[in-house]
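Chemist: Dropping the structure in here first, questions after.
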Amino acid sequence: MAFMYPLLSMDWSLSNRKDSNKIRSDAMGNAKREFMIHLDAVQAAEKRIQGAVIRTPLIFSPTISRMFGADLYFKLENLQRTGSFKIRGAENKIRARAADIGPAGVVAASAGNHAQGVALAAKNAGFPATIVMPEWASISKQEATRAYGGEVVLAGRSVGESLDKAEELAAEGRVFIHPFDDPDIIAGQGTVGLEILSELADVEMILVPIGGGGLISGIAAAVKSLRPQTKIIGIQAAACPAARESVKRGKRVQAPASQSIADGITVKQIGERNFELIQRFVDDIVLVEEEQIAAAILMLLERKKILAEGAGAAPLAALLNGAVVPAAGKKTVLIISGGNVDSPLLGRIIRKGLLKNGRIMRLKINLNDVPGALSKLLRQVARLKANVLHIFHDRDVRDLPIHMTYVELELETRGPDHIEAVKSALTEAGYPLEAECYP
């Protein structure tokens, strides 16, 4: 799927016009105001937030580049303050609109990264921040938001209901900060694109996670203004493909959302302004499945020692599943958008990634219940260089002969070929494998 956008002249992209909208006609001939972010707005945001955000590293990966036959770079927004790119837009919004913010401060709704970004940006500017989080928001993210200076209000069973509560609080005199559908937020996120081009002027392709669309619309508007030939590819979780469906249908639609480890991009409907920019500037949107995201998180941890949250690992997942094929010898940048992962969830994600890669196998064996039988089996496993993760040993199994015992082993292996070698060797050694369970 390729999306069409008009090539931008440098006269247009460098325009100093303050109005971000222009009038166009829709299919019925009715006047419609078209939204646009100009390069000068992103450049102004870059100056405005300088010193408040980190200029994050852009690193080349020789190992992963060899895997995919291209020059692959990672833009490490997981190392940004608050652990996510969101601080960029929040800082730009609050600094640009400081004159409009009263004693009641600002209010935002979020389950995670936007909450922390707004809390810290408001604290830096000396304003109080009220952050509405859904009732199910993780305790660690609640505490992180409080640590950055935000007053946390738990309300709503969904982020949408939390947004409704935030709008109520805004009516009491607080300035509402939308997580993505806002010109200042979009311009702030676009500074990621300016940083990439300043270090990698000939970048061929940039892979960007999509949730509500704030990050990709800002990056796309900035990058296409300076280098129209750079391809901008959006990566979305298949669990909630709102952006992809909207572009396919030519209008914003709500997508059903199922639970995803890429919760940062599980947004049921992209923003109105973001949709217009995505239609104009984004070349393609592809989907990634949960197992692919988990495998990407594991690869980043093992190969690059990079901790990425699900949304941040989505670009690598798109390479792993073949949805995106980078051009040989060309430079491709993957945006690692954040690194905020709850510790219990991280353990489950790593395990899911190991399963996806064929790194874990389970064996069910009935052994003769005699001294040394289990020890002998474990010596065979050790000889095969498999690592024992768990052992379950039970004599009280219905229909099991009294002289037998049931053993279940969970082993870490090097991959599918190693699994087959272990199965074959144990079978040859006289161990009847009652059942195997592995990817």
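Naming works like this for the structure tokens: A, B, ... for the chains as they're shown, residue 1 at the start of each chain, ligands 1 onward in shown order.
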Would you write out, as JSON lines, a table of all residues in stretch 56-114 of chain A that have an atom no more than 9 Å from an atom of stretch 188-209 of chain A, listing for each the closest atom pair and the distance in Å to one decimal, considering only C-alpha atoms and ordering rows by chain and rising residue number?

Modeler:
```
{"residue": "A:Thr56", "atom": "CA", "partner": "A:Glu195", "partner_atom": "CA", "distance": 8.4}
{"residue": "A:Leu58", "atom": "CA", "partner": "A:Ile196", "partner_atom": "CA", "distance": 7.3}
{"residue": "A:Lys75", "atom": "CA", "partner": "A:Ile196", "partner_atom": "CA", "distance": 7.7}
{"residue": "A:Glu77", "atom": "CA", "partner": "A:Val192", "partner_atom": "CA", "distance": 8.6}
{"residue": "A:Phe85", "atom": "CA", "partner": "A:Gln189", "partner_atom": "CA", "distance": 6.9}
{"residue": "A:Lys86", "atom": "CA", "partner": "A:Gln189", "partner_atom": "CA", "distance": 7.2}
{"residue": "A:Ile87", "atom": "CA", "partner": "A:Gly188", "partner_atom": "CA", "distance": 8.5}
{"residue": "A:Arg88", "atom": "CA", "partner": "A:Gly188", "partner_atom": "CA", "distance": 5.0}
{"residue": "A:Gly89", "atom": "CA", "partner": "A:Gly188", "partner_atom": "CA", "distance": 4.0}
{"residue": "A:Ala90", "atom": "CA", "partner": "A:Gly188", "partner_atom": "CA", "distance": 7.5}
{"residue": "A:Glu91", "atom": "CA", "partner": "A:Gly188", "partner_atom": "CA", "distance": 7.6}
{"residue": "A:Asn92", "atom": "CA", "partner": "A:Gly188", "partner_atom": "CA", "distance": 5.5}
{"residue": "A:Lys93", "atom": "CA", "partner": "A:Gly188", "partner_atom": "CA", "distance": 7.6}
```

Chemist: To test your reading of the structure, identify every residue in stretch 29-69 of chain A that backbone DSSP assigns to alpha helix (DSSP H), and report it as a PDB file with C-alpha atoms, in the first residue's frame.

Modeler:
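The file below, out_9.pdb, is the result:
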```
ATOM      1  CA  LEU A  39       8.922  23.307   9.009  1.00  0.00           C
ATOM      2  CA  ASP A  40       9.407  26.602  10.808  1.00  0.00           C
ATOM      3  CA  ALA A  41       7.027  25.428  13.580  1.00  0.00           C
ATOM      4  CA  VAL A  42       9.149  22.311  14.159  1.00  0.00           C
ATOM      5  CA  GLN A  43      12.363  24.348  14.051  1.00  0.00           C
ATOM      6  CA  ALA A  44      10.879  26.788  16.577  1.00  0.00           C
ATOM      7  CA  ALA A  45       9.935  23.842  18.792  1.00  0.00           C
ATOM      8  CA  GLU A  46      13.501  22.538  18.610  1.00  0.00           C
ATOM      9  CA  LYS A  47      14.845  25.855  19.904  1.00  0.00           C
ATOM     10  CA  ARG A  48      12.109  26.172  22.498  1.00  0.00           C
ATOM     11  CA  PRO A  62      26.472  -3.747  12.539  1.00  0.00           C
ATOM     12  CA  THR A  63      24.955  -7.017  13.804  1.00  0.00           C
ATOM     13  CA  ILE A  64      21.329  -6.293  12.965  1.00  0.00           C
ATOM     14  CA  SER A  65      22.363  -4.574   9.725  1.00  0.00           C
ATOM     15  CA  ARG A  66      24.007  -7.826   8.578  1.00  0.00           C
ATOM     16  CA  MET A  67      20.841  -9.727   9.410  1.00  0.00           C
ATOM     17  CA  PHE A  68      18.728  -7.610   7.051  1.00  0.00           C
TER      18      PHE A  68
END
```

Chemist: Taking 3 positions as the minimum chain separation for residues in the same chain, which residues sit within 12 Å of A:Glu245 when counting only C-alpha atoms? Answer as a list in words.

Modeler: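 The neighbour list is Met1, Gln236, Ala237, Ala238, Cys240, Pro241, Ala242, Lys248, Arg249, Gly250, Lys251, Arg252, Val253, Gln254, Ala255, Pro256, Lys268, Gln269, Ile270, Phe275, Gln279, Asp284, Ile285, Val286 and Leu287 of chain A.
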
Chemist: With N, CA and C atoms kept, could you save the residues just selected as a short mmCIF file (atom, residue, chain, number, x, y, z; two decimals), in the first residue's frame?

Modeler:
```
data_model
loop_
_atom_site.label_atom_id
_atom_site.label_comp_id
_atom_site.auth_asym_id
_atom_site.auth_seq_id
_atom_site.Cartn_x
_atom_site.Cartn_y
_atom_site.Cartn_z
N MET A 1 0.85 -1.18 0.00
CA MET A 1 0.00 0.00 0.00
C MET A 1 0.89 1.23 0.00
N GLN A 236 2.17 -0.28 13.08
CA GLN A 236 1.04 -0.31 14.01
C GLN A 236 0.79 -1.73 14.49
N ALA A 237 0.37 -1.85 15.74
CA ALA A 237 0.03 -3.16 16.29
C ALA A 237 -1.24 -3.68 15.62
N ALA A 238 -1.21 -4.93 15.17
CA ALA A 238 -2.39 -5.53 14.55
C ALA A 238 -3.56 -5.58 15.52
N CYS A 240 -4.74 -3.24 17.15
CA CYS A 240 -5.54 -2.01 17.07
C CYS A 240 -5.08 -1.20 15.84
N PRO A 241 -5.53 -1.58 14.65
CA PRO A 241 -5.03 -0.97 13.41
C PRO A 241 -5.79 0.28 12.98
N ALA A 242 -6.02 1.22 13.87
CA ALA A 242 -6.86 2.37 13.57
C ALA A 242 -6.30 3.23 12.44
N LYS A 248 -6.93 3.42 4.63
CA LYS A 248 -7.54 2.56 3.62
C LYS A 248 -8.93 3.07 3.23
N ARG A 249 -9.68 3.55 4.21
CA ARG A 249 -11.06 3.99 3.95
C ARG A 249 -11.15 5.46 3.56
N GLY A 250 -10.06 6.19 3.74
CA GLY A 250 -10.07 7.60 3.39
C GLY A 250 -10.77 8.49 4.39
N LYS A 251 -11.01 7.98 5.58
CA LYS A 251 -11.62 8.78 6.64
C LYS A 251 -11.25 8.17 7.98
N ARG A 252 -11.29 8.98 9.02
CA ARG A 252 -10.95 8.46 10.35
C ARG A 252 -12.02 7.48 10.81
N VAL A 253 -11.58 6.33 11.26
CA VAL A 253 -12.50 5.33 11.79
C VAL A 253 -11.98 4.83 13.13
N GLN A 254 -12.89 4.32 13.92
CA GLN A 254 -12.50 3.68 15.17
C GLN A 254 -12.25 2.20 14.90
N ALA A 255 -11.18 1.71 15.46
CA ALA A 255 -10.85 0.29 15.29
C ALA A 255 -11.05 -0.43 16.62
N PRO A 256 -11.59 -1.65 16.57
CA PRO A 256 -11.66 -2.42 17.82
C PRO A 256 -10.26 -2.72 18.31
N LYS A 268 -7.65 3.68 19.70
CA LYS A 268 -8.77 3.27 18.86
C LYS A 268 -9.03 4.20 17.68
N GLN A 269 -8.63 5.46 17.79
CA GLN A 269 -8.85 6.38 16.68
C GLN A 269 -7.73 7.42 16.66
N ILE A 270 -7.12 7.61 15.50
CA ILE A 270 -6.06 8.60 15.40
C ILE A 270 -6.66 10.00 15.40
N PHE A 275 -4.30 12.62 11.17
CA PHE A 275 -4.77 11.88 10.00
C PHE A 275 -4.46 12.65 8.71
N GLN A 279 -2.03 11.17 5.82
CA GLN A 279 -2.47 11.02 4.43
C GLN A 279 -1.53 11.71 3.46
N ASP A 284 3.53 4.45 3.79
CA ASP A 284 2.89 3.14 4.00
C ASP A 284 2.69 2.93 5.49
N ILE A 285 1.73 2.07 5.82
CA ILE A 285 1.52 1.63 7.20
C ILE A 285 1.44 0.11 7.19
N VAL A 286 2.21 -0.55 8.05
CA VAL A 286 2.19 -2.01 8.12
C VAL A 286 1.86 -2.44 9.55
N LEU A 287 1.45 -3.69 9.67
CA LEU A 287 1.02 -4.21 10.96
C LEU A 287 1.99 -5.26 11.49
#
```

Chemist: Can you work out which one of A:Ala323, A:Asp342, A:Pro179, A:Leu277 has the shortest atom-to-atom distance to A:Ala137, counting only C-alpha atoms?

Modeler: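 Residue with the minimum atom-to-atom distance to A:Ala137: A:Asp342.
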
Chemist: Residues within 12 Å of A:Glu172, please, as a ChimeraX atom specification. Count only C-alpha atoms; anything in the same chain fewer than 3 positions from it doesn't count.

Modeler: /A:102-107,130,165-169,175-176

Chemist: List the spatial neighbours of A:Arg146 as a ChimeraX atom specification - criterion: any atom at most 10 Å away, only C-alpha atoms, same-chain residues fewer than 2 positions off excluded.

Modeler: /A:115-116,119-120,129-131,140-144,148-152

Chemist: Just to be explicit: take each residue in the selection above, keep N, CA and C atoms, and write the result as a compact mmCIF listing (two decimals), in the first residue's frame.

Modeler:
```
# COMPACT_ATOMS: atom_id res chain seq x y z
N ALA A 115 1.41 10.96 30.37
CA ALA A 115 1.22 11.40 31.75
C ALA A 115 2.53 11.88 32.36
N GLN A 116 3.58 11.09 32.19
CA GLN A 116 4.86 11.44 32.77
C GLN A 116 5.49 12.65 32.08
N ALA A 119 3.63 15.80 33.26
CA ALA A 119 3.94 16.08 34.66
C ALA A 119 5.31 16.75 34.80
N LEU A 120 6.31 16.21 34.10
CA LEU A 120 7.66 16.78 34.22
C LEU A 120 7.75 18.13 33.52
N ALA A 129 0.22 20.22 37.64
CA ALA A 129 -0.30 19.33 36.60
C ALA A 129 -1.21 18.29 37.25
N THR A 130 -2.41 18.15 36.69
CA THR A 130 -3.34 17.11 37.11
C THR A 130 -3.39 16.07 36.00
N ILE A 131 -3.11 14.85 36.34
CA ILE A 131 -3.06 13.78 35.34
C ILE A 131 -4.14 12.76 35.65
N SER A 140 3.28 1.27 38.98
CA SER A 140 4.59 1.85 38.71
C SER A 140 4.47 3.14 37.89
N LYS A 141 3.54 3.17 36.93
CA LYS A 141 3.37 4.38 36.11
C LYS A 141 2.67 5.48 36.89
N GLN A 142 1.77 5.10 37.78
CA GLN A 142 1.17 6.11 38.67
C GLN A 142 2.25 6.76 39.53
N GLU A 143 3.10 5.93 40.13
CA GLU A 143 4.12 6.46 41.02
C GLU A 143 5.16 7.29 40.26
N ALA A 144 5.49 6.87 39.04
CA ALA A 144 6.43 7.66 38.23
C ALA A 144 5.84 9.01 37.92
N TYR A 148 7.29 12.79 39.12
CA TYR A 148 7.60 13.92 38.24
C TYR A 148 6.79 15.17 38.58
N GLY A 149 5.98 15.09 39.63
CA GLY A 149 5.28 16.28 40.10
C GLY A 149 3.81 16.33 39.76
N GLY A 150 3.26 15.30 39.14
CA GLY A 150 1.86 15.31 38.77
C GLY A 150 0.95 14.86 39.90
N GLU A 151 -0.24 15.45 39.95
CA GLU A 151 -1.29 14.98 40.86
C GLU A 151 -2.13 13.98 40.08
N VAL A 152 -2.13 12.74 40.51
CA VAL A 152 -2.80 11.67 39.78
C VAL A 152 -4.24 11.52 40.25
```

Chemist: Would you please work out which residue, of A:Thr145, A:Ser162, A:Asn340, A:Thr230, is nearest to A:Val132 when using only C-alpha atoms?

Modeler: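 Checking each candidate against A:Val132, we get A:Ser162 as the closest.
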
Chemist: Which value, in Å to one decimal, gives the distance between atom CA of A:Val267 and atom CA of A:Ile101?

Modeler: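 About the pair atom CA of A:Val267 and atom CA of A:Ile101: they are 27.7 Å apart.
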
Chemist: Here is a test: counting only C-alpha atoms, which residue of A:Ile391, A:Val370, A:Val333, A:Ala296 is nearest to A:Lys352?

Modeler: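 Of the candidates, the smallest distance to A:Lys352 is held by A:Ala296.
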
Chemist: Got a sec: who's within 7 Å of A:Phe60, counting only C-alpha atoms, leaving out chain neighbours fewer than 5 positions off, as a ChimeraX atom specification?

Modeler: /A:72-74

Chemist: Neighbouring residues of A:Tyr431 were defined as those with any atom within 8 Å, considering only C-alpha atoms; residues of the same chain fewer than 4 positions away were excluded. Please report them as a tab-separated table (two decimals) with N, CA and C atoms, in the first residue's frame.

Modeler:
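File produced: part.tsv:
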```
chain	number	residue	atom	x	y	z
A	365	ILE	N	7.64	-36.96	30.36
A	365	ILE	CA	8.23	-38.30	30.32
A	365	ILE	C	7.77	-39.08	31.54
A	367	LEU	N	8.99	-41.91	33.93
A	367	LEU	CA	10.24	-42.58	34.31
A	367	LEU	C	9.97	-43.75	35.26
A	426	LEU	N	17.21	-38.02	23.13
A	426	LEU	CA	16.52	-38.63	24.26
A	426	LEU	C	15.74	-39.87	23.82
A	427	THR	N	15.14	-39.82	22.65
A	427	THR	CA	14.42	-40.98	22.13
A	427	THR	C	15.37	-42.15	21.92
```

Chemist: When you count only C-alpha atoms, which of these residues is closest to A:Arg359: A:Arg303, A:Arg414, A:His403, A:Arg395?

Modeler: A:Arg414

Chemist: Name the residues of stretch 3-191 of chain A that come out as strand (DSSP E) in a backbone DSSP run; write them as a PyMOL selection string.

Modeler: chain A and resi 21-25+31-35+58-60+71-76+106-109+129-133+150-154+175-176

Chemist: Pull C-alpha atoms from the residues just selected and write them as a short mmCIF file (atom, residue, chain, number, x, y, z; two decimals), in the first residue's frame.

Modeler:
```cif
data_model
loop_
_atom_site.label_atom_id
_atom_site.label_comp_id
_atom_site.auth_asym_id
_atom_site.auth_seq_id
_atom_site.Cartn_x
_atom_site.Cartn_y
_atom_site.Cartn_z
CA ASN A 21 -4.53 25.94 7.94
CA LYS A 22 -5.66 26.67 4.42
CA ILE A 23 -8.99 26.38 2.66
CA ARG A 24 -9.71 23.57 0.22
CA SER A 25 -12.88 22.05 -1.22
CA ALA A 31 -15.12 24.68 1.85
CA LYS A 32 -12.95 22.77 4.31
CA ARG A 33 -10.04 23.99 6.39
CA GLU A 34 -6.91 21.90 5.84
CA PHE A 35 -4.42 21.48 8.65
CA LEU A 58 21.37 7.68 16.83
CA ILE A 59 23.38 4.46 16.79
CA PHE A 60 24.40 2.12 13.97
CA ASP A 71 22.46 -0.06 7.14
CA LEU A 72 20.21 0.05 10.19
CA TYR A 73 20.24 2.80 12.81
CA PHE A 74 18.30 3.13 16.06
CA LYS A 75 17.03 6.49 17.35
CA LEU A 76 16.98 5.84 21.10
CA VAL A 106 -2.64 21.95 33.14
CA VAL A 107 -4.54 18.70 32.86
CA ALA A 108 -3.93 15.62 30.73
CA ALA A 109 -5.23 12.07 30.43
CA ALA A 129 -0.30 19.33 36.60
CA THR A 130 -3.34 17.11 37.11
CA ILE A 131 -3.06 13.78 35.34
CA VAL A 132 -6.15 11.61 34.89
CA MET A 133 -5.25 7.94 34.57
CA GLY A 150 1.86 15.31 38.77
CA GLU A 151 -1.29 14.98 40.86
CA VAL A 152 -2.80 11.67 39.78
CA VAL A 153 -6.57 11.26 39.55
CA LEU A 154 -7.82 7.74 38.84
CA VAL A 175 -5.35 24.01 30.21
CA PHE A 176 -5.98 20.67 28.56
#
```

Chemist: Could you tell me how far atom CA of A:Asn366 sits from atom CA of A:Asp396, in Å to one decimal place?

Modeler: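 That distance, rounded to one decimal, is 12.1 Å.
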
Chemist: Which residue is closest to A:Ala147? Choose from A:Gly117, A:Pro315, A:Gly160, A:Pro371 and count only C-alpha atoms.

Modeler: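 Between A:Gly117, A:Pro315, A:Gly160, A:Pro371, the residue approaching A:Ala147 most closely is A:Gly117.
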